[in-house]
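Asker: Got work.cif for you, mmCIF, N, CA and C atoms and all ligand atoms:
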data_work
loop_
_atom_site.label_atom_id
_atom_site.label_comp_id
_atom_site.auth_asym_id
_atom_site.auth_seq_id
_atom_site.Cartn_x
_atom_site.Cartn_y
_atom_site.Cartn_z
N MET A 1 129.92 283.24 31.44
CA MET A 1 131.32 283.49 31.83
C MET A 1 131.90 282.28 32.56
N ARG A 2 131.09 281.73 33.41
CA ARG A 2 131.59 280.60 34.19
C ARG A 2 131.97 279.43 33.26
N TYR A 3 131.10 279.17 32.26
CA TYR A 3 131.40 278.08 31.35
C TYR A 3 132.68 278.36 30.55
N THR A 4 132.84 279.59 30.15
CA THR A 4 134.03 279.94 29.38
C THR A 4 135.28 279.67 30.20
N ALA A 5 135.25 280.07 31.44
CA ALA A 5 136.42 279.89 32.30
C ALA A 5 136.75 278.40 32.44
N ARG A 6 135.72 277.59 32.62
CA ARG A 6 135.97 276.16 32.78
C ARG A 6 136.57 275.56 31.52
N LEU A 7 136.07 275.98 30.38
CA LEU A 7 136.61 275.47 29.13
C LEU A 7 138.09 275.81 29.00
N MET A 8 138.43 277.02 29.37
CA MET A 8 139.83 277.43 29.26
C MET A 8 140.71 276.58 30.18
N VAL A 9 140.23 276.32 31.36
CA VAL A 9 141.01 275.50 32.29
C VAL A 9 141.22 274.11 31.71
N ALA A 10 140.15 273.55 31.17
CA ALA A 10 140.26 272.21 30.59
C ALA A 10 141.26 272.20 29.44
N THR A 11 141.24 273.23 28.65
CA THR A 11 142.17 273.31 27.51
C THR A 11 143.60 273.39 28.00
N LEU A 12 143.81 274.18 29.04
CA LEU A 12 145.17 274.31 29.57
C LEU A 12 145.68 272.98 30.08
N PHE A 13 144.81 272.24 30.76
CA PHE A 13 145.23 270.94 31.26
C PHE A 13 145.59 270.01 30.11
N SER A 14 144.80 270.06 29.06
CA SER A 14 145.07 269.19 27.91
C SER A 14 146.42 269.53 27.29
N LEU A 15 146.67 270.81 27.15
CA LEU A 15 147.94 271.21 26.55
C LEU A 15 149.10 270.78 27.42
N ALA A 16 148.94 270.95 28.73
CA ALA A 16 150.01 270.57 29.63
C ALA A 16 150.28 269.08 29.54
N ALA A 17 149.21 268.29 29.45
CA ALA A 17 149.38 266.84 29.40
C ALA A 17 150.10 266.41 28.12
N CYS A 18 149.78 267.09 27.02
CA CYS A 18 150.38 266.70 25.76
C CYS A 18 151.80 267.22 25.63
N GLY A 19 152.07 268.37 26.21
CA GLY A 19 153.36 269.01 25.98
C GLY A 19 154.37 268.75 27.08
N GLY A 20 154.02 267.91 28.04
CA GLY A 20 154.89 267.75 29.19
C GLY A 20 156.15 266.96 28.95
N GLY A 21 156.20 266.19 27.91
CA GLY A 21 157.34 265.30 27.74
C GLY A 21 158.38 265.83 26.76
N MET A 22 159.24 264.93 26.36
CA MET A 22 160.25 265.28 25.36
C MET A 22 159.61 265.26 23.98
N THR A 23 160.30 265.80 23.02
CA THR A 23 159.80 265.69 21.66
C THR A 23 159.94 264.25 21.20
N SER A 24 159.02 263.81 20.38
CA SER A 24 159.05 262.42 19.95
C SER A 24 159.38 262.33 18.47
N PRO A 25 160.56 261.83 18.15
CA PRO A 25 160.96 261.72 16.74
C PRO A 25 160.09 260.76 15.96
N GLY A 26 159.49 259.79 16.67
CA GLY A 26 158.68 258.81 15.97
C GLY A 26 157.29 259.31 15.62
N GLY A 27 156.86 260.40 16.22
CA GLY A 27 155.54 260.93 15.96
C GLY A 27 154.46 260.10 16.61
N GLY A 28 153.22 260.39 16.28
CA GLY A 28 152.10 259.64 16.81
C GLY A 28 151.83 259.90 18.28
N GLY A 29 152.31 261.01 18.81
CA GLY A 29 152.02 261.36 20.18
C GLY A 29 152.76 260.52 21.20
N GLY A 30 153.82 259.85 20.80
CA GLY A 30 154.57 259.00 21.70
C GLY A 30 155.48 259.77 22.63
N GLY A 31 156.14 259.04 23.53
CA GLY A 31 157.02 259.70 24.48
C GLY A 31 158.43 259.87 23.94
N GLY A 32 158.86 259.01 23.04
CA GLY A 32 160.18 259.15 22.46
C GLY A 32 161.31 258.58 23.29
N GLY A 33 161.01 258.07 24.46
CA GLY A 33 162.06 257.52 25.33
C GLY A 33 162.37 256.07 24.99
N ALA A 34 163.26 255.50 25.79
CA ALA A 34 163.67 254.13 25.57
C ALA A 34 162.56 253.14 25.92
N VAL A 35 162.61 251.96 25.32
CA VAL A 35 161.68 250.89 25.66
C VAL A 35 161.90 250.50 27.12
N GLY A 36 160.81 250.28 27.85
CA GLY A 36 160.93 249.83 29.23
C GLY A 36 161.15 250.95 30.24
N GLN A 37 160.98 252.18 29.82
CA GLN A 37 161.10 253.31 30.75
C GLN A 37 159.71 253.86 31.03
N VAL A 38 159.33 253.91 32.30
CA VAL A 38 158.00 254.38 32.68
C VAL A 38 158.15 255.57 33.63
N VAL A 39 157.44 256.63 33.32
CA VAL A 39 157.46 257.83 34.17
C VAL A 39 156.42 257.67 35.27
N VAL A 40 156.83 257.92 36.51
CA VAL A 40 155.91 257.90 37.65
C VAL A 40 155.65 259.34 38.04
N GLY A 41 154.39 259.77 37.84
CA GLY A 41 154.04 261.16 38.12
C GLY A 41 152.88 261.27 39.07
N ASN A 42 152.34 262.44 39.15
CA ASN A 42 151.29 262.74 40.12
C ASN A 42 149.99 263.09 39.40
N ILE A 43 149.03 262.24 39.14
CA ILE A 43 148.91 260.84 39.54
C ILE A 43 148.80 260.02 38.27
N PHE A 44 149.92 259.52 37.78
CA PHE A 44 149.89 258.73 36.54
C PHE A 44 151.14 257.88 36.39
N PHE A 45 150.98 256.81 35.64
CA PHE A 45 152.11 256.12 35.03
C PHE A 45 152.07 256.47 33.55
N ARG A 46 153.20 256.80 32.96
CA ARG A 46 153.25 257.10 31.54
C ARG A 46 154.45 256.42 30.91
N SER A 47 154.19 255.71 29.82
CA SER A 47 155.29 255.10 29.08
C SER A 47 156.15 256.20 28.48
N ALA A 48 157.44 256.21 28.84
CA ALA A 48 158.35 257.19 28.25
C ALA A 48 158.62 256.86 26.79
N HIS A 49 158.28 255.62 26.41
CA HIS A 49 158.55 255.18 25.04
C HIS A 49 157.43 255.56 24.08
N ASN A 50 156.17 255.25 24.47
CA ASN A 50 155.08 255.48 23.52
C ASN A 50 154.04 256.49 24.01
N GLY A 51 154.22 257.02 25.20
CA GLY A 51 153.34 258.08 25.68
C GLY A 51 152.02 257.61 26.27
N SER A 52 151.73 256.32 26.25
CA SER A 52 150.47 255.85 26.83
C SER A 52 150.47 256.08 28.34
N GLN A 53 149.29 256.35 28.87
CA GLN A 53 149.20 256.77 30.26
C GLN A 53 147.92 256.26 30.89
N ASN A 54 148.02 255.70 32.10
CA ASN A 54 146.85 255.23 32.86
C ASN A 54 145.81 254.53 31.97
N ALA A 55 146.02 253.52 31.30
CA ALA A 55 147.14 252.66 31.60
C ALA A 55 148.35 252.97 30.72
N ALA A 56 149.53 252.98 31.35
CA ALA A 56 150.76 253.01 30.59
C ALA A 56 151.01 251.61 30.08
N VAL A 57 151.11 251.44 28.77
CA VAL A 57 151.28 250.10 28.19
C VAL A 57 152.64 250.00 27.53
N ASP A 58 153.46 249.11 28.05
CA ASP A 58 154.81 248.92 27.51
C ASP A 58 154.98 247.47 27.07
N THR A 59 155.56 247.28 25.90
CA THR A 59 155.85 245.95 25.38
C THR A 59 157.36 245.77 25.33
N ILE A 60 157.83 244.69 25.96
CA ILE A 60 159.28 244.45 26.04
C ILE A 60 159.57 243.00 25.70
N PRO A 61 160.80 242.70 25.29
CA PRO A 61 161.19 241.31 25.09
C PRO A 61 161.47 240.63 26.43
N ALA A 62 161.20 239.33 26.51
CA ALA A 62 161.50 238.57 27.73
C ALA A 62 162.97 238.72 28.09
N GLY A 63 163.23 238.84 29.37
CA GLY A 63 164.59 238.97 29.85
C GLY A 63 165.05 240.41 30.01
N SER A 64 164.20 241.35 29.63
CA SER A 64 164.63 242.74 29.76
C SER A 64 164.00 243.40 30.99
N THR A 65 164.48 244.57 31.29
CA THR A 65 164.15 245.24 32.54
C THR A 65 163.31 246.49 32.30
N VAL A 66 162.30 246.64 33.13
CA VAL A 66 161.50 247.88 33.12
C VAL A 66 161.94 248.73 34.30
N THR A 67 162.15 250.01 34.05
CA THR A 67 162.51 250.93 35.12
C THR A 67 161.46 252.03 35.23
N TRP A 68 160.92 252.16 36.42
CA TRP A 68 159.99 253.25 36.72
C TRP A 68 160.78 254.37 37.36
N ALA A 69 160.60 255.59 36.88
CA ALA A 69 161.36 256.73 37.40
C ALA A 69 160.41 257.86 37.81
N TRP A 70 160.52 258.27 39.05
CA TRP A 70 159.70 259.36 39.58
C TRP A 70 160.13 260.67 38.92
N ASN A 71 159.17 261.42 38.40
CA ASN A 71 159.53 262.70 37.77
C ASN A 71 159.31 263.87 38.71
N ALA A 72 158.79 263.58 39.89
CA ALA A 72 158.56 264.62 40.90
C ALA A 72 158.34 263.92 42.23
N ALA A 73 158.48 264.65 43.31
CA ALA A 73 158.21 264.08 44.62
C ALA A 73 156.75 263.69 44.72
N GLY A 74 156.48 262.52 45.28
CA GLY A 74 155.11 262.05 45.43
C GLY A 74 155.14 260.59 45.83
N SER A 75 154.26 260.20 46.73
CA SER A 75 154.27 258.84 47.27
C SER A 75 153.55 257.88 46.35
N HIS A 76 154.30 256.98 45.74
CA HIS A 76 153.74 256.00 44.81
C HIS A 76 154.48 254.68 44.97
N SER A 77 153.84 253.63 44.46
CA SER A 77 154.49 252.33 44.41
C SER A 77 154.07 251.63 43.13
N ILE A 78 154.72 250.50 42.87
CA ILE A 78 154.35 249.68 41.72
C ILE A 78 154.03 248.30 42.25
N GLN A 79 152.78 247.87 42.13
CA GLN A 79 152.42 246.55 42.61
C GLN A 79 151.60 245.81 41.56
N SER A 80 151.88 244.53 41.42
CA SER A 80 151.19 243.70 40.45
C SER A 80 149.74 243.51 40.83
N THR A 81 148.86 243.52 39.83
CA THR A 81 147.45 243.22 40.07
C THR A 81 147.02 242.03 39.24
N GLY A 82 147.97 241.33 38.65
CA GLY A 82 147.65 240.25 37.74
C GLY A 82 147.76 238.87 38.36
N GLN A 83 148.00 237.89 37.50
CA GLN A 83 147.99 236.49 37.91
C GLN A 83 149.25 236.07 38.65
N GLU A 84 150.30 236.85 38.52
CA GLU A 84 151.55 236.45 39.15
C GLU A 84 152.01 237.56 40.10
N PRO A 85 151.35 237.66 41.24
CA PRO A 85 151.67 238.77 42.15
C PRO A 85 153.09 238.72 42.70
N GLY A 86 153.71 237.56 42.63
CA GLY A 86 155.05 237.43 43.17
C GLY A 86 156.06 238.41 42.59
N ILE A 87 155.86 238.82 41.34
CA ILE A 87 156.85 239.69 40.72
C ILE A 87 156.88 241.06 41.36
N PHE A 88 155.75 241.49 41.95
CA PHE A 88 155.71 242.80 42.61
C PHE A 88 155.37 242.66 44.07
N ARG A 89 155.62 241.49 44.63
CA ARG A 89 155.17 241.21 46.00
C ARG A 89 155.60 242.30 46.98
N ASN A 90 156.83 242.74 46.83
CA ASN A 90 157.34 243.75 47.75
C ASN A 90 157.15 245.14 47.17
N SER A 91 155.89 245.61 47.18
CA SER A 91 155.63 246.94 46.65
C SER A 91 156.02 247.97 47.70
N VAL A 92 157.00 248.76 47.36
CA VAL A 92 157.53 249.75 48.30
C VAL A 92 157.07 251.14 47.88
N VAL A 93 156.46 251.86 48.78
CA VAL A 93 156.06 253.23 48.49
C VAL A 93 157.28 254.13 48.60
N MET A 94 157.59 254.81 47.50
CA MET A 94 158.72 255.74 47.49
C MET A 94 158.22 257.14 47.16
N SER A 95 158.95 258.14 47.59
CA SER A 95 158.45 259.52 47.50
C SER A 95 159.42 260.50 46.87
N GLY A 96 160.64 260.10 46.61
CA GLY A 96 161.65 261.04 46.14
C GLY A 96 161.47 261.43 44.68
N ALA A 97 161.88 262.64 44.35
CA ALA A 97 161.71 263.14 42.99
C ALA A 97 162.54 262.36 41.97
N ASN A 98 163.60 261.70 42.40
CA ASN A 98 164.45 260.98 41.46
C ASN A 98 164.53 259.49 41.77
N ASP A 99 163.57 258.99 42.52
CA ASP A 99 163.57 257.56 42.84
C ASP A 99 163.36 256.72 41.59
N THR A 100 163.92 255.53 41.59
CA THR A 100 163.67 254.59 40.51
C THR A 100 163.42 253.20 41.09
N TYR A 101 162.69 252.40 40.32
CA TYR A 101 162.38 251.03 40.72
C TYR A 101 162.42 250.18 39.47
N SER A 102 163.11 249.04 39.52
CA SER A 102 163.27 248.22 38.33
C SER A 102 162.85 246.78 38.58
N VAL A 103 162.29 246.16 37.56
CA VAL A 103 161.94 244.75 37.60
C VAL A 103 162.37 244.12 36.28
N THR A 104 163.03 242.98 36.36
CA THR A 104 163.39 242.23 35.15
C THR A 104 162.35 241.15 34.92
N PHE A 105 161.81 241.10 33.71
CA PHE A 105 160.74 240.16 33.37
C PHE A 105 161.32 239.02 32.54
N GLN A 106 161.32 237.82 33.13
CA GLN A 106 161.93 236.68 32.46
C GLN A 106 160.95 235.92 31.57
N HIS A 107 159.66 235.98 31.90
CA HIS A 107 158.69 235.11 31.23
C HIS A 107 157.65 235.91 30.45
N PRO A 108 157.35 235.49 29.23
CA PRO A 108 156.32 236.16 28.45
C PRO A 108 154.98 236.16 29.18
N GLY A 109 154.24 237.21 29.00
CA GLY A 109 152.94 237.31 29.65
C GLY A 109 152.50 238.76 29.72
N THR A 110 151.33 238.96 30.30
CA THR A 110 150.78 240.30 30.48
C THR A 110 150.73 240.60 31.96
N TYR A 111 151.38 241.68 32.35
CA TYR A 111 151.54 242.00 33.77
C TYR A 111 150.95 243.37 34.10
N PRO A 112 149.69 243.40 34.52
CA PRO A 112 149.11 244.67 34.93
C PRO A 112 149.62 245.08 36.31
N TYR A 113 149.65 246.38 36.54
CA TYR A 113 150.08 246.87 37.85
C TYR A 113 149.38 248.18 38.16
N GLN A 114 149.48 248.57 39.41
CA GLN A 114 148.94 249.86 39.81
C GLN A 114 149.75 250.39 40.98
N CYS A 115 149.46 251.61 41.34
CA CYS A 115 150.09 252.24 42.51
C CYS A 115 149.27 251.86 43.73
N ALA A 116 149.94 251.40 44.78
CA ALA A 116 149.22 250.99 45.99
C ALA A 116 148.54 252.17 46.68
N VAL A 117 149.07 253.36 46.46
CA VAL A 117 148.50 254.54 47.10
C VAL A 117 147.26 255.03 46.34
N HIS A 118 147.34 255.04 45.01
CA HIS A 118 146.28 255.64 44.21
C HIS A 118 145.38 254.62 43.49
N GLY A 119 145.70 253.37 43.61
CA GLY A 119 144.82 252.32 43.10
C GLY A 119 144.51 252.44 41.62
N ALA A 120 143.23 252.31 41.28
CA ALA A 120 142.82 252.27 39.88
C ALA A 120 143.03 253.60 39.16
N ALA A 121 143.34 254.66 39.89
CA ALA A 121 143.58 255.95 39.25
C ALA A 121 144.96 256.03 38.62
N MET A 122 145.79 255.01 38.89
CA MET A 122 147.19 255.08 38.45
C MET A 122 147.62 253.67 38.06
N THR A 123 147.56 253.36 36.77
CA THR A 123 147.73 251.98 36.34
C THR A 123 148.66 251.86 35.13
N GLY A 124 149.11 250.62 34.93
CA GLY A 124 149.92 250.33 33.75
C GLY A 124 149.92 248.84 33.47
N VAL A 125 150.46 248.48 32.31
CA VAL A 125 150.55 247.08 31.91
C VAL A 125 151.91 246.87 31.24
N ILE A 126 152.59 245.80 31.64
CA ILE A 126 153.80 245.41 30.93
C ILE A 126 153.47 244.15 30.15
N VAL A 127 153.68 244.19 28.84
CA VAL A 127 153.49 243.03 27.99
C VAL A 127 154.87 242.49 27.62
N VAL A 128 155.13 241.25 28.06
CA VAL A 128 156.44 240.63 27.81
C VAL A 128 156.28 239.60 26.71
N GLN A 129 157.09 239.74 25.66
CA GLN A 129 156.97 238.85 24.51
C GLN A 129 158.17 237.92 24.39
CU CU A 201 150.49 256.79 43.16
#
Any chance you could put this one into structure tokens?

Answerer:
Amino acid sequence: MRYTARLMVATLFSLAACGGGMTSPGGGGGGGGAVGQVVVGNIFFRSAHNGSQNAAVDTIPAGSTVTWAWNAAGSHSIQSTGQEPGIFRNSVVMSGANDTYSVTFQHPGTYPYQCAVHGAAMTGVIVVQ
């Protein structure tokens, strides 16, 4: 009985994770949102565009802006963990359900980041082309 209960819980979590977003017209389990939109949740970063999560992987053209949007109240930040920490030098922990944070990426490169509060449990990568 105990094993059965655990399996059911795991299944429910899986369904919730898959069904939590908008419908995706493109298919393939994506998020269906605009390019450069990242959902900040508890405890994850998720690309609103392609659905990737921890790491949320977003590819954008140089010169465009990425916006992280909190989908619920929770203390998180966005800080660079890559070669150019200056782009996220001022990582601010925000907690509001509708907070947003934006960064414009001028130079091509790969920019990994994480939440300063949750560290490696909450990660993403911006690939600028
Ligand atoms: Cu966090």

Asker: Taking only C-alpha atoms and all ligand atoms into account, report as a VMD selection string which residues have an atom no farther than 9 Å from an atom of ligand CU 201 (chain A).

Answerer: chain A and resid 40 to 45 74 to 78 93 114 to 119 121 to 123

Asker: Atom N of Gly96 (chain A) and atom N of Gly30 (chain A), how far apart in Å?

Answerer: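 Interatomic distance here is 26.7 Å.
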
Asker: One number please: CA of Ile60 (chain A) to CA of Asp99 (chain A), in Å, one decimal.

Answerer: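 One can read the CA of Ile60 (chain A) to CA of Asp99 (chain A) distance as 21.7 Å.
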